[in-house]
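Here's entry-v3.pdb, which has PDB, C-alpha atoms, pLDDT in the B column:
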ATOM      1  CA  MET A  24     -14.512  -7.105 -14.878  1.00 66.00           C
ATOM      2  CA  ASN A  25     -15.543  -4.069 -16.875  1.00 71.00           C
ATOM      3  CA  GLY A  26     -12.724  -4.780 -19.330  1.00 78.00           C
ATOM      4  CA  GLU A  27     -10.105  -4.947 -16.555  1.00 84.00           C
ATOM      5  CA  ILE A  28      -8.184  -8.058 -15.493  1.00 89.00           C
ATOM      6  CA  ARG A  29      -8.719  -8.724 -11.772  1.00 92.00           C
ATOM      7  CA  ILE A  30      -7.531 -11.581  -9.584  1.00 93.00           C
ATOM      8  CA  GLY A  31      -9.831 -13.219  -7.060  1.00 94.00           C
ATOM      9  CA  GLU A  32     -10.200 -16.263  -4.853  1.00 93.00           C
ATOM     10  CA  VAL A  33     -13.362 -18.242  -5.599  1.00 95.00           C
ATOM     11  CA  TYR A  34     -15.258 -19.144  -2.432  1.00 95.00           C
ATOM     12  CA  PHE A  35     -18.107 -21.065  -4.092  1.00 93.00           C
ATOM     13  CA  PHE A  36     -20.357 -21.332  -7.159  1.00 95.00           C
ATOM     14  CA  ILE A  37     -24.153 -21.048  -7.249  1.00 95.00           C
ATOM     15  CA  LEU A  38     -26.912 -21.411  -9.825  1.00 94.00           C
ATOM     16  CA  PHE A  39     -29.251 -18.456  -9.355  1.00 89.00           C
ATOM     17  CA  ARG A  40     -32.731 -18.555 -10.902  1.00 93.00           C
ATOM     18  CA  VAL A  41     -34.903 -15.471 -11.465  1.00 91.00           C
ATOM     19  CA  GLN A  42     -38.280 -16.260 -13.028  1.00 92.00           C
ATOM     20  CA  GLU A  43     -37.347 -18.260 -16.151  1.00 91.00           C
ATOM     21  CA  GLN A  44     -33.655 -17.270 -16.330  1.00 93.00           C
ATOM     22  CA  GLU A  45     -30.717 -19.081 -14.724  1.00 94.00           C
ATOM     23  CA  PHE A  46     -27.408 -17.424 -13.862  1.00 93.00           C
ATOM     24  CA  SER A  47     -24.198 -19.235 -12.929  1.00 95.00           C
ATOM     25  CA  LEU A  48     -22.423 -17.089 -10.351  1.00 95.00           C
ATOM     26  CA  ALA A  49     -19.271 -17.333  -8.245  1.00 95.00           C
ATOM     27  CA  LEU A  50     -18.638 -15.595  -4.939  1.00 96.00           C
ATOM     28  CA  VAL A  51     -15.128 -14.169  -5.273  1.00 95.00           C
ATOM     29  CA  SER A  52     -12.827 -12.272  -2.925  1.00 96.00           C
ATOM     30  CA  LEU A  53     -10.865  -9.840  -5.085  1.00 95.00           C
ATOM     31  CA  TYR A  54      -7.173  -9.249  -4.473  1.00 95.00           C
ATOM     32  CA  SER A  55      -5.924  -5.657  -4.616  1.00 94.00           C
ATOM     33  CA  ARG A  56      -4.718  -4.306  -7.920  1.00 94.00           C
ATOM     34  CA  PRO A  57      -1.016  -5.087  -8.537  1.00 93.00           C
ATOM     35  CA  CYS A  58       1.589  -2.902  -6.825  1.00 90.00           C
ATOM     36  CA  PRO A  59       2.421  -0.284  -9.493  1.00 91.00           C
ATOM     37  CA  THR A  60       6.072   0.019  -8.404  1.00 88.00           C
ATOM     38  CA  LEU A  61       6.748  -3.716  -8.626  1.00 87.00           C
ATOM     39  CA  LEU A  62       4.801  -3.942 -11.864  1.00 90.00           C
ATOM     40  CA  LYS A  63       6.885  -1.156 -13.399  1.00 92.00           C
ATOM     41  CA  VAL A  64      10.327  -2.404 -12.283  1.00 89.00           C
ATOM     42  CA  SER A  65       9.444  -5.942 -13.426  1.00 90.00           C
ATOM     43  CA  VAL A  66       8.321  -4.679 -16.852  1.00 93.00           C
ATOM     44  CA  ASN A  67       4.736  -5.814 -16.143  1.00 91.00           C
ATOM     45  CA  THR A  68       5.691  -9.386 -15.178  1.00 89.00           C
ATOM     46  CA  LEU A  69       5.341  -9.398 -11.343  1.00 89.00           C
ATOM     47  CA  TRP A  70       1.712  -9.062 -10.313  1.00 92.00           C
ATOM     48  CA  SER A  71       2.058  -8.569  -6.544  1.00 92.00           C
ATOM     49  CA  CYS A  72      -1.263  -8.083  -4.752  1.00 93.00           C
ATOM     50  CA  GLU A  73      -2.682  -7.892  -1.232  1.00 92.00           C
ATOM     51  CA  TYR A  74      -5.316 -10.359  -0.070  1.00 93.00           C
ATOM     52  CA  GLN A  75      -8.582  -8.511   0.692  1.00 92.00           C
ATOM     53  CA  GLY A  76     -10.517 -11.303   2.409  1.00 90.00           C
ATOM     54  CA  ASP A  77     -14.174 -10.625   3.138  1.00 93.00           C
ATOM     55  CA  SER A  78     -13.841  -6.916   2.327  1.00 93.00           C
ATOM     56  CA  GLY A  79     -13.323  -7.816  -1.346  1.00 93.00           C
ATOM     57  CA  LEU A  80     -16.339 -10.120  -1.774  1.00 96.00           C
ATOM     58  CA  ILE A  81     -18.428  -9.825  -4.935  1.00 95.00           C
ATOM     59  CA  PHE A  82     -20.566 -12.120  -7.100  1.00 95.00           C
ATOM     60  CA  ILE A  83     -19.412 -12.509 -10.695  1.00 94.00           C
ATOM     61  CA  ASP A  84     -20.724 -14.321 -13.764  1.00 93.00           C
ATOM     62  CA  VAL A  85     -18.865 -17.642 -14.003  1.00 93.00           C
ATOM     63  CA  LYS A  86     -18.331 -17.002 -17.725  1.00 91.00           C
ATOM     64  CA  SER A  87     -16.128 -14.003 -16.873  1.00 91.00           C
ATOM     65  CA  ILE A  88     -13.448 -16.279 -15.344  1.00 91.00           C
ATOM     66  CA  ARG A  89     -10.596 -16.398 -17.838  1.00 88.00           C
ATOM     67  CA  SER A  90      -7.935 -18.502 -16.118  1.00 87.00           C
ATOM     68  CA  VAL A  91      -7.032 -20.497 -13.025  1.00 85.00           C
ATOM     69  CA  VAL A  92      -3.890 -19.286 -11.277  1.00 88.00           C
ATOM     70  CA  ALA A  93      -2.045 -19.667  -7.989  1.00 87.00           C
ATOM     71  CA  MET A  94      -1.283 -16.743  -5.679  1.00 90.00           C
ATOM     72  CA  ILE A  95       2.023 -17.407  -3.916  1.00 88.00           C
ATOM     73  CA  PRO A  96       2.882 -15.550  -0.673  1.00 90.00           C
ATOM     74  CA  HIS A  97       5.913 -13.262  -0.645  1.00 87.00           C
ATOM     75  CA  ALA A  98       7.162 -10.210   1.256  1.00 84.00           C
ATOM     76  CA  PRO A  99       8.983  -7.931  -1.200  1.00 82.00           C
ATOM     77  CA  LEU A 100      10.872  -4.710  -0.555  1.00 76.00           C
ATOM     78  CA  VAL A 101       9.184  -1.746  -2.230  1.00 72.00           C
ATOM     79  CA  ASP A 102      11.124   1.535  -2.250  1.00 73.00           C
ATOM     80  CA  GLY A 103      13.473   0.060   0.382  1.00 76.00           C
ATOM     81  CA  ARG A 104      10.648  -0.843   2.796  1.00 78.00           C
ATOM     82  CA  GLN A 105       9.053  -4.159   3.627  1.00 77.00           C
ATOM     83  CA  ALA A 106       5.734  -4.238   1.767  1.00 70.00           C
ATOM     84  CA  GLY A 107       4.051  -6.672   4.161  1.00 74.00           C
ATOM     85  CA  GLU A 108       2.385  -9.914   3.197  1.00 82.00           C
ATOM     86  CA  ARG A 109       1.597  -9.934  -0.490  1.00 89.00           C
ATOM     87  CA  PHE A 110       0.862 -12.616  -3.060  1.00 90.00           C
ATOM     88  CA  PHE A 111       2.243 -12.940  -6.580  1.00 89.00           C
ATOM     89  CA  LEU A 112       0.534 -14.463  -9.589  1.00 88.00           C
ATOM     90  CA  VAL A 113       1.677 -17.764 -11.085  1.00 87.00           C
ATOM     91  CA  GLU A 114      -0.242 -19.098 -14.049  1.00 82.00           C
ATOM     92  CA  LYS A 115      -0.752 -22.820 -14.461  1.00 70.00           C
ATOM     93  CA  PRO A 116       1.063 -23.574 -17.731  1.00 59.00           C
ATOM     94  CA  GLY A 117      -1.098 -25.251 -20.298  1.00 59.00           C
ATOM     95  CA  PHE A 118      -4.452 -24.649 -18.601  1.00 55.00           C
ATOM     96  CA  ASP A 119      -5.901 -22.752 -21.568  1.00 55.00           C
ATOM     97  CA  VAL A 120      -4.601 -25.377 -23.994  1.00 52.00           C
ATOM     98  CA  ALA A 121      -6.107 -28.186 -21.901  1.00 55.00           C
ATOM     99  CA  VAL A 122      -9.468 -26.422 -21.826  1.00 54.00           C
ATOM    100  CA  MET A 123      -9.434 -25.946 -25.603  1.00 51.00           C
ATOM    101  CA  ALA A 124      -8.589 -29.636 -26.085  1.00 53.00           C
ATOM    102  CA  GLY A 125     -11.179 -30.810 -23.583  1.00 52.00           C
ATOM    103  CA  VAL A 126      -8.638 -32.397 -21.238  1.00 50.00           C
ATOM    104  CA  GLU A 127      -9.824 -32.747 -17.647  1.00 53.00           C
ATOM    105  CA  GLU A 128      -7.771 -33.506 -14.550  1.00 54.00           C
ATOM    106  CA  GLY A 129      -9.188 -36.115 -12.205  1.00 54.00           C
ATOM    107  CA  ILE A 130      -9.323 -35.632  -8.445  1.00 50.00           C
ATOM    108  CA  SER A 131      -8.302 -38.728  -6.541  1.00 48.00           C
ATOM    109  CA  GLU A 132     -10.888 -39.897  -4.033  1.00 49.00           C
ATOM    110  CA  GLU A 133      -8.142 -41.167  -1.769  1.00 48.00           C
ATOM    111  CA  GLY A 134      -6.489 -37.759  -1.397  1.00 43.00           C
ATOM    112  CA  THR A 135      -6.580 -36.050   1.975  1.00 41.00           C
ATOM    113  CA  GLY A 136      -5.088 -32.697   1.011  1.00 40.00           C
ATOM    114  CA  THR A 137      -6.295 -29.412   2.417  1.00 38.00           C
ATOM    115  CA  VAL A 138      -6.598 -25.999   0.845  1.00 40.00           C
ATOM    116  CA  ASN A 139      -5.678 -22.875   2.759  1.00 40.00           C
ATOM    117  CA  ARG A 140      -5.048 -19.215   2.041  1.00 44.00           C
ATOM    118  CA  ASN A 141      -1.378 -19.821   1.267  1.00 42.00           C
ATOM    119  CA  ASN A 142      -1.984 -22.571  -1.269  1.00 41.00           C
ATOM    120  CA  VAL A 143      -5.229 -21.787  -3.051  1.00 44.00           C
ATOM    121  CA  ALA A 144      -6.448 -21.891  -6.608  1.00 46.00           C
ATOM    122  CA  SER A 145      -7.549 -18.435  -7.645  1.00 48.00           C
ATOM    123  CA  THR A 146      -9.088 -16.923 -10.725  1.00 49.00           C
ATOM    124  CA  ILE A 147      -8.579 -14.020 -13.025  1.00 52.00           C
ATOM    125  CA  VAL A 148     -11.874 -12.228 -13.607  1.00 51.00           C
TER     126      VAL A 148
END

File written out as structure tokens:
Amino acid sequence: MNGEIRIGEVYFFILFRVQEQEFSLALVSLYSRPCPTLLKVSVNTLWSCEYQGDSGLIFIDVKSIRSVVAMIPHAPLVDGRQAGERFFLVEKPGFDVAVMAGVEEGISEEGTGTVNRNNVASTIV
């Protein structure tokens, strides 16, 4: 987004048509920017963010999504204090390679899994 990497949870995708033009959009709830203290002490490897929920909702162009990641809950200590509920970024290894090669993962029709806020596929926008 505007040249900045942001992390967001995709709620849904839509195809928006204005006159003769079509736009593929996603409704995304942005996470906060990473905690600067944790980012610094981890040498830019621990992206620890707060979930914003409905207050972080925006529509984005689907083409601006660069990766699919998982946001894993954790409660770190920052400056000796409990930082509250935060989520850290975990990239799915090989996703970009699979996309380049055209590999697709199938979703089993017999699965009964659920998706919730603690185990959700998110995006980097």

For this session: Compute the distance from (-9.6, -7.9, -6.8) to each atom, counting all atoms listed in the file, keep the residues with any atom at most 8 Å away, and return them as a PyMOL selection string; use the coordinates of the file.
Result: chain A and resi 29-31+52-56+75+79

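Between atom CA of Ala49 of chain A and atom CA of Asp84 of chain A lies a distance of 6.5 Å.
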
So which residues touch Lys115 of chain A within 9 Å, counting all atoms listed in the file, skipping near sequence neighbours fewer than 6 positions away, as a compact mmCIF listing (two decimals) with C-alpha atoms, in the coordinates of the input?
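Result saved to selection-v1.txt:
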# COMPACT_ATOMS: atom_id res chain seq x y z
CA SER A 90 -7.94 -18.50 -16.12
CA VAL A 91 -7.03 -20.50 -13.02
CA VAL A 92 -3.89 -19.29 -11.28
CA ALA A 93 -2.04 -19.67 -7.99

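Residue nearest Leu69 of chain A within the list A:Glu27, A:Met94, A:Tyr34, A:Val85: A:Met94 [criterion: smallest interatomic distance, all atoms listed in the file].
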
For this session: May I ask for the distance between atom CA of Gly76 of chain A and atom CA of Glu32 of chain A, given in Å to one decimal place?
Result: 8.8 Å

Exercise. For this file, the PyMOL selection byres ((chain A and resi 60-64) around 12) selects which residues, as JSON, numbers by chain?
Worked result: {"A": [56, 57, 58, 59, 65, 66, 67, 68, 69, 70, 71, 72, 98, 99, 100, 101, 102, 103, 106, 109, 111, 112]}

Which centre and which edge lengths, in Å to one decimal, describe the axis-aligned box that holds all listed atoms of segment 54-57 of chain A after 4 Å is added on each side, as AutoDock Vina command-line options?
--center_x -4.1 --center_y -6.8 --center_z -6.5 --size_x 14.2 --size_y 12.9 --size_z 12.1

Can you give me, as a compact mmCIF listing (two decimals) with C-alpha atoms, in the coordinates of the input, the residues this file yields under the PyMOL selection byres ((chain A and resi 83) around 9)?
# COMPACT_ATOMS: atom_id res chain seq x y z
CA MET A 24 -14.51 -7.10 -14.88
CA SER A 47 -24.20 -19.24 -12.93
CA LEU A 48 -22.42 -17.09 -10.35
CA ALA A 49 -19.27 -17.33 -8.24
CA LEU A 50 -18.64 -15.60 -4.94
CA VAL A 51 -15.13 -14.17 -5.27
CA ILE A 81 -18.43 -9.82 -4.93
CA PHE A 82 -20.57 -12.12 -7.10
CA ASP A 84 -20.72 -14.32 -13.76
CA VAL A 85 -18.86 -17.64 -14.00
CA LYS A 86 -18.33 -17.00 -17.73
CA SER A 87 -16.13 -14.00 -16.87
CA ILE A 88 -13.45 -16.28 -15.34
CA VAL A 148 -11.87 -12.23 -13.61

For this session: Could you tell me how far atom CA of Glu108 of chain A lies from atom CA of Ile95 of chain A, in Å and to one decimal?
Result: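 Separating atom CA of Glu108 of chain A from atom CA of Ile95 of chain A is a distance of 10.3 Å.
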
Exercise. With only C-alpha atoms as the atoms that count, which of A:Arg40, A:Val33, A:Phe46, A:Asn25 lies nearest to Leu80 of chain A?
Worked result: A:Val33
